[in-house]
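Asker: Just input.pdb, nothing more (PDB, C-alpha atoms and all ligand atoms):
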```pdb
MODEL        1
ATOM      1  CA  MET A   1     -79.260 142.699 120.082
ATOM      2  CA  ARG A   2     -80.593 141.785 123.504
ATOM      3  CA  VAL A   3     -82.599 138.863 122.058
ATOM      4  CA  LEU A   4     -79.520 137.710 120.156
ATOM      5  CA  ALA A   5     -77.407 138.018 123.279
ATOM      6  CA  ASP A   6     -79.887 136.031 125.351
ATOM      7  CA  THR A   7     -80.133 133.326 122.694
ATOM      8  CA  CYS A   8     -76.341 133.054 122.512
ATOM      9  CA  GLU A   9     -76.101 132.891 126.268
ATOM     10  CA  PHE A  10     -78.708 130.167 126.301
ATOM     11  CA  TRP A  11     -76.944 128.016 123.696
ATOM     12  CA  ASN A  12     -73.451 128.628 125.049
ATOM     13  CA  CYS A  13     -74.291 128.084 128.712
ATOM     14  CA  GLY A  14     -72.456 131.275 129.631
ATOM     15  CA  GLN A  15     -69.506 130.603 127.328
ATOM     16  CA  GLY A  16     -70.294 133.405 124.897
ATOM     17  CA  PRO A  17     -68.651 136.824 124.694
ATOM     18  CA  PHE A  18     -71.853 138.676 125.563
ATOM     19  CA  SER A  19     -71.640 138.663 129.340
ATOM     20  CA  PRO A  20     -68.147 139.717 130.422
ATOM     21  CA  GLN A  21     -67.436 138.927 134.069
ATOM     22  CA  GLY A  22     -64.197 140.767 134.682
ATOM     23  CA  PRO A  23     -62.174 143.734 133.420
ATOM     24  CA  VAL A  24     -60.280 141.878 130.666
ATOM     25  CA  ALA A  25     -63.473 140.427 129.176
ATOM     26  CA  GLU A  26     -65.133 143.840 129.546
ATOM     27  CA  HIS A  27     -62.426 145.512 127.462
ATOM     28  CA  MET A  28     -62.789 142.783 124.809
ATOM     29  CA  HIS A  29     -66.547 143.261 124.874
ATOM     30  CA  ALA A  30     -66.073 147.012 124.462
ATOM     31  CA  VAL A  31     -64.124 146.362 121.235
ATOM     32  CA  PHE A  32     -66.394 143.563 120.030
ATOM     33  CA  VAL A  33     -69.715 145.451 120.281
ATOM     34  CA  PRO A  34     -68.914 148.395 117.951
ATOM     35  CA  VAL A  35     -67.228 146.057 115.425
ATOM     36  CA  PHE A  36     -70.310 143.838 115.489
ATOM     37  CA  ILE A  37     -72.783 146.720 115.130
ATOM     38  CA  ILE A  38     -70.814 148.394 112.319
ATOM     39  CA  SER A  39     -70.509 145.018 110.532
ATOM     40  CA  VAL A  40     -74.265 144.453 110.718
ATOM     41  CA  ILE A  41     -74.983 147.975 109.399
ATOM     42  CA  ILE A  42     -72.526 147.512 106.495
ATOM     43  CA  PHE A  43     -73.881 144.041 105.705
ATOM     44  CA  VAL A  44     -77.493 145.267 105.604
ATOM     45  CA  GLY A  45     -76.571 148.466 103.728
ATOM     46  CA  VAL A  46     -74.427 146.794 101.048
ATOM     47  CA  SER A  47     -76.779 143.829 100.561
ATOM     48  CA  GLY A  48     -79.735 146.225 100.393
ATOM     49  CA  ALA A  49     -77.988 148.444  97.832
ATOM     50  CA  ILE A  50     -77.077 145.429  95.663
ATOM     51  CA  ILE A  51     -80.634 144.079  95.748
ATOM     52  CA  TYR A  52     -82.080 147.551  95.047
ATOM     53  CA  ALA A  53     -79.692 148.183  92.139
ATOM     54  CA  ALA A  54     -80.272 144.725  90.650
ATOM     55  CA  LEU A  55     -84.020 145.248  90.656
ATOM     56  CA  ARG A  56     -84.176 148.963  89.838
ATOM     57  CA  PHE A  57     -81.676 148.951  86.962
ATOM     58  CA  ARG A  58     -82.381 145.551  85.440
ATOM     59  CA  ARG A  59     -83.167 145.094  81.768
ATOM     60  CA  LYS A  60     -86.936 144.917  81.590
ATOM     61  CA  SER A  61     -87.319 143.732  77.991
ATOM     62  CA  ASP A  62     -85.009 142.356  75.276
ATOM     63  CA  ASP A  63     -85.049 145.501  73.159
ATOM     64  CA  GLU A  64     -84.415 147.885  76.027
ATOM     65  CA  GLU A  65     -80.901 148.782  77.102
ATOM     66  CA  PRO A  66     -80.661 149.794  80.774
ATOM     67  CA  ALA A  67     -79.050 153.155  81.537
ATOM     68  CA  GLN A  68     -75.237 152.845  81.312
ATOM     69  CA  VAL A  69     -73.721 154.618  84.303
ATOM     70  CA  HIS A  70     -70.005 155.334  84.486
ATOM     71  CA  GLY A  71     -68.458 156.905  87.539
ATOM     72  CA  ASN A  72     -70.006 159.037  90.200
ATOM     73  CA  ASN A  73     -67.504 161.171  92.047
ATOM     74  CA  LYS A  74     -69.675 161.737  95.101
ATOM     75  CA  LEU A  75     -70.434 158.026  95.530
ATOM     76  CA  GLU A  76     -66.836 156.951  94.973
ATOM     77  CA  LEU A  77     -65.576 159.526  97.424
ATOM     78  CA  ALA A  78     -68.164 158.401  99.984
ATOM     79  CA  TRP A  79     -67.305 154.690  99.781
ATOM     80  CA  THR A  80     -63.620 155.486 100.109
ATOM     81  CA  VAL A  81     -63.800 158.035 102.907
ATOM     82  CA  ILE A  82     -66.432 156.341 105.097
ATOM     83  CA  PRO A  83     -64.620 152.949 105.371
ATOM     84  CA  PHE A  84     -61.353 154.815 105.944
ATOM     85  CA  VAL A  85     -62.857 156.780 108.833
ATOM     86  CA  ILE A  86     -64.449 153.599 110.268
ATOM     87  CA  LEU A  87     -61.147 151.699 110.076
ATOM     88  CA  ILE A  88     -59.182 154.522 111.696
ATOM     89  CA  GLY A  89     -61.811 154.761 114.440
ATOM     90  CA  LEU A  90     -61.705 151.003 115.117
ATOM     91  CA  PHE A  91     -57.911 151.005 115.038
ATOM     92  CA  VAL A  92     -57.707 153.786 117.631
ATOM     93  CA  TRP A  93     -60.370 152.193 119.839
ATOM     94  CA  THR A  94     -58.609 148.797 119.663
ATOM     95  CA  ALA A  95     -55.227 150.384 120.363
ATOM     96  CA  ILE A  96     -56.705 152.059 123.460
ATOM     97  CA  ASN A  97     -58.026 148.733 124.782
ATOM     98  CA  MET A  98     -55.233 146.350 123.784
ATOM     99  CA  PRO A  99     -52.555 147.286 126.331
ATOM    100  CA  PHE A 100     -54.926 146.402 129.169
ATOM    101  CA  ILE A 101     -55.981 143.130 127.518
ATOM    102  CA  ASN A 102     -52.370 142.158 126.760
ATOM    103  CA  GLY A 103     -51.011 141.908 130.258
ATOM    104  CA  VAL A 104     -51.451 142.401 133.988
ATOM    105  CA  PRO A 105     -51.156 146.159 134.716
ATOM    106  CA  GLU A 106     -47.679 146.983 136.049
ATOM    107  CA  ALA A 107     -49.084 148.412 139.283
ATOM    108  CA  ASP A 108     -51.045 145.214 140.030
ATOM    109  CA  LYS A 109     -48.165 142.791 139.570
ATOM    110  CA  PRO A 110     -46.982 142.621 143.207
ATOM    111  CA  GLN A 111     -50.379 141.361 144.373
ATOM    112  CA  SER A 112     -51.045 139.159 141.334
ATOM    113  CA  MET A 113     -50.438 135.483 140.715
ATOM    114  CA  THR A 114     -49.320 133.250 137.851
ATOM    115  CA  ILE A 115     -50.467 129.695 137.208
ATOM    116  CA  CYS A 116     -49.040 127.338 134.589
ATOM    117  CA  VAL A 117     -51.774 125.805 132.417
ATOM    118  CA  GLN A 118     -50.986 122.601 130.620
ATOM    119  CA  GLY A 119     -53.175 121.241 127.838
ATOM    120  CA  SER A 120     -52.916 117.508 127.160
ATOM    121  CA  GLN A 121     -55.107 115.096 125.258
ATOM    122  CA  PHE A 122     -57.707 115.363 126.834
ATOM    123  CA  SER A 123     -57.600 117.506 129.950
ATOM    124  CA  TRP A 124     -56.258 120.718 131.425
ATOM    125  CA  THR A 125     -53.853 120.732 134.363
ATOM    126  CA  TYR A 126     -53.189 123.815 136.476
ATOM    127  CA  ILE A 127     -49.828 123.891 138.217
ATOM    128  CA  TYR A 128     -49.208 126.226 141.165
ATOM    129  CA  TYR A 129     -45.431 126.553 141.159
ATOM    130  CA  ASN A 130     -43.879 128.631 143.922
ATOM    131  CA  ASP A 131     -47.276 129.235 145.575
ATOM    132  CA  ALA A 132     -48.473 130.840 142.308
ATOM    133  CA  LYS A 133     -46.600 134.067 143.093
ATOM    134  CA  PHE A 134     -46.495 136.479 140.176
ATOM    135  CA  THR A 135     -43.920 135.678 137.521
ATOM    136  CA  GLU A 136     -43.903 136.481 133.818
ATOM    137  CA  ASP A 137     -43.686 132.799 132.935
ATOM    138  CA  ALA A 138     -44.636 130.063 135.394
ATOM    139  CA  CYS A 139     -44.214 127.226 132.883
ATOM    140  CA  SER A 140     -40.707 127.920 131.530
ATOM    141  CA  ALA A 141     -39.243 128.271 135.004
ATOM    142  CA  HIS A 142     -39.877 124.561 135.423
ATOM    143  CA  LYS A 143     -39.142 123.185 132.021
ATOM    144  CA  HIS A 144     -36.866 120.195 131.688
ATOM    145  CA  THR A 145     -36.063 117.606 129.092
ATOM    146  CA  VAL A 146     -37.209 114.030 128.940
ATOM    147  CA  GLY A 147     -35.247 112.260 126.237
ATOM    148  CA  ASP A 148     -35.144 114.747 123.363
ATOM    149  CA  LYS A 149     -38.398 116.420 124.378
ATOM    150  CA  ILE A 150     -38.872 119.647 126.311
ATOM    151  CA  VAL A 151     -41.483 119.212 129.017
ATOM    152  CA  PHE A 152     -43.255 122.041 130.800
ATOM    153  CA  GLY A 153     -44.426 120.494 134.026
ATOM    154  CA  PRO A 154     -43.214 118.873 137.213
ATOM    155  CA  ALA A 155     -40.221 116.598 136.890
ATOM    156  CA  GLN A 156     -40.745 112.982 137.826
ATOM    157  CA  GLY A 157     -41.289 112.748 141.563
ATOM    158  CA  GLU A 158     -41.491 116.547 141.998
ATOM    159  CA  LYS A 159     -44.363 117.393 144.322
ATOM    160  CA  VAL A 160     -46.322 120.496 143.397
ATOM    161  CA  VAL A 161     -49.899 121.617 143.795
ATOM    162  CA  LEU A 162     -51.723 120.749 140.619
ATOM    163  CA  THR A 163     -55.425 120.615 139.900
ATOM    164  CA  SER A 164     -57.874 119.795 137.156
ATOM    165  CA  LYS A 165     -60.070 122.749 138.146
ATOM    166  CA  LEU A 166     -58.672 126.274 138.095
ATOM    167  CA  MET A 167     -58.904 127.556 141.673
ATOM    168  CA  VAL A 168     -58.357 131.308 142.065
ATOM    169  CA  PRO A 169     -59.192 134.039 144.545
ATOM    170  CA  ALA A 170     -61.821 136.498 143.280
ATOM    171  CA  GLY A 171     -60.651 140.067 142.767
ATOM    172  CA  VAL A 172     -57.029 139.064 142.133
ATOM    173  CA  ASP A 173     -55.235 139.407 138.781
ATOM    174  CA  VAL A 174     -54.372 135.933 137.541
ATOM    175  CA  LYS A 175     -51.842 135.470 134.782
ATOM    176  CA  LEU A 176     -51.926 132.122 133.006
ATOM    177  CA  THR A 177     -48.964 130.839 131.058
ATOM    178  CA  ILE A 178     -50.287 128.224 128.698
ATOM    179  CA  VAL A 179     -48.466 125.243 127.191
ATOM    180  CA  SER A 180     -49.313 121.960 125.514
ATOM    181  CA  THR A 181     -47.704 118.579 126.048
ATOM    182  CA  ASP A 182     -48.872 117.034 122.787
ATOM    183  CA  VAL A 183     -50.959 118.709 120.069
ATOM    184  CA  ASN A 184     -52.466 122.167 119.536
ATOM    185  CA  HIS A 185     -55.189 123.033 122.026
ATOM    186  CA  SER A 186     -56.918 126.318 122.738
ATOM    187  CA  PHE A 187     -57.782 127.736 126.128
ATOM    188  CA  TYR A 188     -61.144 129.439 125.600
ATOM    189  CA  LEU A 189     -62.567 131.285 128.586
ATOM    190  CA  PRO A 190     -64.579 134.149 127.061
ATOM    191  CA  THR A 191     -66.463 135.334 130.132
ATOM    192  CA  LEU A 192     -63.165 136.126 131.899
ATOM    193  CA  GLY A 193     -60.243 136.488 129.541
ATOM    194  CA  GLY A 194     -60.808 135.389 125.962
ATOM    195  CA  GLN A 195     -58.906 132.707 124.108
ATOM    196  CA  VAL A 196     -55.279 131.696 123.771
ATOM    197  CA  ASN A 197     -53.804 128.735 121.901
ATOM    198  CA  ALA A 198     -51.762 126.058 123.648
ATOM    199  CA  ILE A 199     -49.042 125.074 121.185
ATOM    200  CA  PRO A 200     -46.326 122.441 121.799
ATOM    201  CA  GLY A 201     -42.964 124.135 122.336
ATOM    202  CA  LEU A 202     -44.444 127.615 122.889
ATOM    203  CA  VAL A 203     -45.487 129.463 126.029
ATOM    204  CA  ASN A 204     -48.487 131.726 125.483
ATOM    205  CA  ASP A 205     -50.252 133.776 128.109
ATOM    206  CA  MET A 206     -53.458 135.523 129.065
ATOM    207  CA  TRP A 207     -54.784 137.076 132.230
ATOM    208  CA  PHE A 208     -58.087 137.721 133.913
ATOM    209  CA  ARG A 209     -59.642 138.905 137.125
ATOM    210  CA  ALA A 210     -62.858 137.285 138.317
ATOM    211  CA  ASP A 211     -64.648 140.159 140.022
ATOM    212  CA  LYS A 212     -67.169 137.933 141.778
ATOM    213  CA  VAL A 213     -66.935 134.681 143.684
ATOM    214  CA  GLY A 214     -68.434 131.929 141.541
ATOM    215  CA  LYS A 215     -67.888 129.349 138.842
ATOM    216  CA  TYR A 216     -66.912 130.239 135.288
ATOM    217  CA  HIS A 217     -66.799 127.891 132.330
ATOM    218  CA  GLY A 218     -64.866 127.457 129.133
ATOM    219  CA  ALA A 219     -63.614 124.699 126.852
ATOM    220  CA  CYS A 220     -60.821 123.662 124.532
ATOM    221  CA  ASP A 221     -61.544 125.431 121.247
ATOM    222  CA  GLU A 222     -59.161 123.616 118.928
ATOM    223  CA  LEU A 223     -60.187 120.229 117.587
ATOM    224  CA  CYS A 224     -57.445 118.171 119.200
ATOM    225  CA  GLY A 225     -58.563 114.570 118.866
ATOM    226  CA  THR A 226     -61.309 112.168 119.797
ATOM    227  CA  GLY A 227     -61.646 113.433 123.370
ATOM    228  CA  HIS A 228     -61.712 117.138 122.419
ATOM    229  CA  ALA A 229     -65.261 117.610 123.714
ATOM    230  CA  GLN A 230     -64.201 116.462 127.188
ATOM    231  CA  MET A 231     -61.619 119.239 127.529
ATOM    232  CA  LEU A 232     -63.842 121.528 129.538
ATOM    233  CA  ILE A 233     -62.532 124.373 131.647
ATOM    234  CA  GLU A 234     -63.929 125.086 135.084
ATOM    235  CA  VAL A 235     -62.822 128.082 137.085
ATOM    236  CA  ASP A 236     -63.715 128.284 140.740
ATOM    237  CA  ALA A 237     -63.269 131.823 142.056
ATOM    238  CA  LEU A 238     -63.255 131.727 145.866
ATOM    239  CA  SER A 239     -63.064 134.460 148.457
ATOM    240  CA  GLN A 240     -59.457 135.173 149.478
ATOM    241  CA  THR A 241     -59.969 133.367 152.817
ATOM    242  CA  ASP A 242     -61.507 130.288 151.202
ATOM    243  CA  TYR A 243     -58.763 130.270 148.606
ATOM    244  CA  ASN A 244     -56.045 130.419 151.280
ATOM    245  CA  THR A 245     -57.692 127.568 153.173
ATOM    246  CA  TRP A 246     -57.959 125.494 150.005
ATOM    247  CA  TYR A 247     -54.366 126.230 149.007
ATOM    248  CA  GLN A 248     -52.889 125.355 152.373
ATOM    249  CA  LYS A 249     -54.707 122.039 152.335
ATOM    250  CA  ALA A 250     -53.756 121.338 148.732
ATOM    251  CA  LYS A 251     -50.147 122.130 149.584
ATOM    252  CA  GLN A 252     -50.175 119.547 152.353
ATOM    253  CA  ASP A 253     -51.656 116.965 149.991
ATOM    254  CA  LYS A 254     -49.407 118.292 147.198
ATOM    255  CA  GLN A 255     -52.354 117.837 144.920
ATOM    256  CA  GLY A 256     -55.432 119.996 144.598
ATOM    257  CA  GLY A 257     -59.079 119.188 144.007
ATOM    258  CA  GLY A 258     -59.994 116.670 141.370
ATOM    259  CA  ALA A 259     -57.908 114.120 139.569
ATOM    260  CA  PRO A 260     -54.723 115.594 138.142
ATOM    261  CA  ALA A 261     -53.905 115.014 134.510
ATOM    262  CA  ALA A 262     -50.693 113.353 133.446
ATOM    263  CA  ALA A 263     -47.864 115.861 133.382
ATOM    264  CA  THR A 264     -45.700 113.756 131.130
ATOM    265  CA  PRO A 265     -45.592 114.242 127.389
ATOM    266  CA  SER A 266     -47.535 112.042 125.067
ATOM    267  CA  PRO A 267     -45.277 109.797 122.980
ATOM    268  CA  THR A 268     -46.850 110.991 119.726
ATOM    269  CA  PRO A 269     -46.778 114.775 119.394
TER     270      PRO A 269
HETATM  271 CU    CU B   1     -57.843 120.216 123.200
ENDMDL
END
```
The structure in this file should be written as structure tokens.
Ligand SMILES: [Cu+2]
Answerer:
Amino acid sequence: MRVLADTCEFWNCGQGPFSPQGPVAEHMHAVFVPVFIISVIIFVGVSGAIIYAALRFRRKSDDEEPAQVHGNNKLELAWTVIPFVILIGLFVWTAINMPFINGVPEADKPQSMTICVQGSQFSWTYIYYNDAKFTEDACSAHKHTVGDKIVFGPAQGEKVVLTSKLMVPAGVDVKLTIVSTDVNHSFYLPTLGGQVNAIPGLVNDMWFRADKVGKYHGACDELCGTGHAQMLIEVDALSQTDYNTWYQKAKQDKQGGGAPAAATPSPTP
């Protein structure tokens, strides 16, 4: 398991699910590990039993008829009851973890923040409306229409802080509301908060808390066109003081670090 984990980490450059870096990813990891282990045991057990039975009970010569076995109450009971118990166990364990994964805990909301994430061919834009104060939906609050198209993003000429790198304070719950301006994308950030699709016309969400100051990486995980591979995700978790300094400066410039992506919809959805 450890070797496998290290190999995955090596090939994924820290984008795998094996090294959770915050509470949301830790809860996902806690569900993933038992499912993975049970799956491996079942795979080895069933494959082994099939291979054993095929060899042990095969016809060894043309005039020999292998033993004809019909029904075995103990076996049938076992392969009904064991999967049932496993499924109930996994269901309960998932149900225990899901409420935390699904949304920012109620008690944390006053000191949390929400950022609107916009996927476009081929970049991610992070929009800090209203100083990124907590709201259930940062994108919809600023939706408007251009022609016959609904656009989540700043209206023409509207000055807001937007970045191409996700800047957050470490230790703070960050809710992301995720939209797309053109085609289906997928916001994949496994070390912090998992994966959520960015679908035109829909607002999806996820949340995370980066426990430590540092950089975290992800990528678009939905083949969205020729530039799909360039849709990388970089999260910069700063200390609260550094974040405040960065934000105040970005607010003056009305544009954060890095080149912002176009906030207007693509003409061909
Ligand atoms: Cu994409």
Asker: Please find the residues contacting ligand CU 1 (chain B) at a distance of at most 8 Å between atoms, with only C-alpha atoms and all ligand atoms counted, and report them as JSON, numbers by chain.
Answerer: {"A": [119, 120, 121, 122, 123, 183, 184, 185, 186, 220, 221, 222, 223, 224, 225, 227, 228, 229, 231]}
Asker: Please define a box with edges along x, y and z of the file around all atoms of region 176-182 of chain A given in the file, extend it by 5 Å on each side, and return its centre and edge lengths in Å to one decimal, as JSON.
Answerer:
```
{"center_x": -49.8, "center_y": 124.6, "center_z": 127.9, "size_x": 14.2, "size_y": 25.1, "size_z": 20.2}
```
Asker: For region 79-92 of chain A, list every protein, DNA or RNA residue within 12 Å, evaluated using only C-alpha atoms, and leave out those in the same chain fewer than 3 positions away; present the list as a PyMOL selection string.
Answerer: chain A and resi 30-39+41-42+45-46+72-76+95-98
Asker: Give me the residues within 8 Å of Leu238 (chain A) as a list in words, counting only C-alpha atoms and dropping any in the same chain fewer than 5 places off.
Answerer: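 Neighbouring residues, sequence-local ones excluded: Met167, Val168, Pro169, Ala170, Val213, Gly214 and Tyr243 of chain A.
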Asker: Could you check the closest approach to Phe208 (chain A) for each of A:Val174, A:Pro190, A:Ala53, A:Pro105 and tell me which residue wins, using all atoms listed in the file?
Answerer: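 The answer is A:Val174, which sits nearest to Phe208 (chain A).
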Asker: The PyMOL selection byres (((chain A and resi 117) around 7) and not hetatm) on the file shown: which residues, as a PDB file with C-alpha atoms, keeping the file's coordinate frame?
Answerer:
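New file selection21.pdb:
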```
ATOM      1  CA  ILE A 115     -50.467 129.695 137.208  1.00  0.00           C
ATOM      2  CA  CYS A 116     -49.040 127.338 134.589  1.00  0.00           C
ATOM      3  CA  GLN A 118     -50.986 122.601 130.620  1.00  0.00           C
ATOM      4  CA  GLY A 119     -53.175 121.241 127.838  1.00  0.00           C
ATOM      5  CA  TRP A 124     -56.258 120.718 131.425  1.00  0.00           C
ATOM      6  CA  THR A 125     -53.853 120.732 134.363  1.00  0.00           C
ATOM      7  CA  TYR A 126     -53.189 123.815 136.476  1.00  0.00           C
ATOM      8  CA  ILE A 127     -49.828 123.891 138.217  1.00  0.00           C
ATOM      9  CA  LEU A 176     -51.926 132.122 133.006  1.00  0.00           C
ATOM     10  CA  THR A 177     -48.964 130.839 131.058  1.00  0.00           C
ATOM     11  CA  ILE A 178     -50.287 128.224 128.698  1.00  0.00           C
ATOM     12  CA  VAL A 179     -48.466 125.243 127.191  1.00  0.00           C
TER      13      VAL A 179
END
```
Asker: Rounded to one decimal in Å, what is the spacing between CA of Phe43 (chain A) and CA of Leu189 (chain A)?
Answerer: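 Interatomic distance, CA of Phe43 (chain A) to CA of Leu189 (chain A): 28.5 Å.
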Asker: Go ahead and compute the interatomic distance for CA of Thr226 (chain A) and CA of Thr163 (chain A), in Å to one decimal.
Answerer: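 Between CA of Thr226 (chain A) and CA of Thr163 (chain A) the gap works out to 22.6 Å.
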Asker: Take the structure in the block and write a file for region 40-65 of chain A, C-alpha atoms, as a PDB file, in the first residue's frame.
Answerer:
```pdb
ATOM      1  CA  VAL A  40      -8.544  -5.546  -3.458  1.00  0.00           C
ATOM      2  CA  ILE A  41      -9.427  -8.385  -1.046  1.00  0.00           C
ATOM      3  CA  ILE A  42     -12.587  -9.246  -3.035  1.00  0.00           C
ATOM      4  CA  PHE A  43     -10.732  -9.048  -6.355  1.00  0.00           C
ATOM      5  CA  VAL A  44      -7.955 -11.376  -5.159  1.00  0.00           C
ATOM      6  CA  GLY A  45     -10.401 -13.721  -3.391  1.00  0.00           C
ATOM      7  CA  VAL A  46     -12.858 -14.052  -6.294  1.00  0.00           C
ATOM      8  CA  SER A  47     -10.154 -14.313  -8.974  1.00  0.00           C
ATOM      9  CA  GLY A  48      -8.309 -16.869  -6.836  1.00  0.00           C
ATOM     10  CA  ALA A  49     -11.470 -18.933  -6.301  1.00  0.00           C
ATOM     11  CA  ILE A  50     -12.268 -18.900 -10.041  1.00  0.00           C
ATOM     12  CA  ILE A  51      -8.740 -19.977 -10.977  1.00  0.00           C
ATOM     13  CA  TYR A  52      -8.729 -22.668  -8.258  1.00  0.00           C
ATOM     14  CA  ALA A  53     -12.139 -24.025  -9.300  1.00  0.00           C
ATOM     15  CA  ALA A  54     -11.240 -23.999 -13.003  1.00  0.00           C
ATOM     16  CA  LEU A  55      -8.104 -26.015 -12.351  1.00  0.00           C
ATOM     17  CA  ARG A  56      -9.337 -28.279  -9.550  1.00  0.00           C
ATOM     18  CA  PHE A  57     -12.651 -29.288 -11.137  1.00  0.00           C
ATOM     19  CA  ARG A  58     -11.673 -29.371 -14.799  1.00  0.00           C
ATOM     20  CA  ARG A  59     -12.297 -32.385 -17.000  1.00  0.00           C
ATOM     21  CA  LYS A  60      -9.018 -34.258 -17.044  1.00  0.00           C
ATOM     22  CA  SER A  61      -9.761 -36.717 -19.856  1.00  0.00           C
ATOM     23  CA  ASP A  62     -12.461 -37.120 -22.530  1.00  0.00           C
ATOM     24  CA  ASP A  63     -14.144 -40.089 -20.880  1.00  0.00           C
ATOM     25  CA  GLU A  64     -14.246 -38.576 -17.413  1.00  0.00           C
ATOM     26  CA  GLU A  65     -17.153 -36.436 -16.284  1.00  0.00           C
TER      27      GLU A  65
END
```
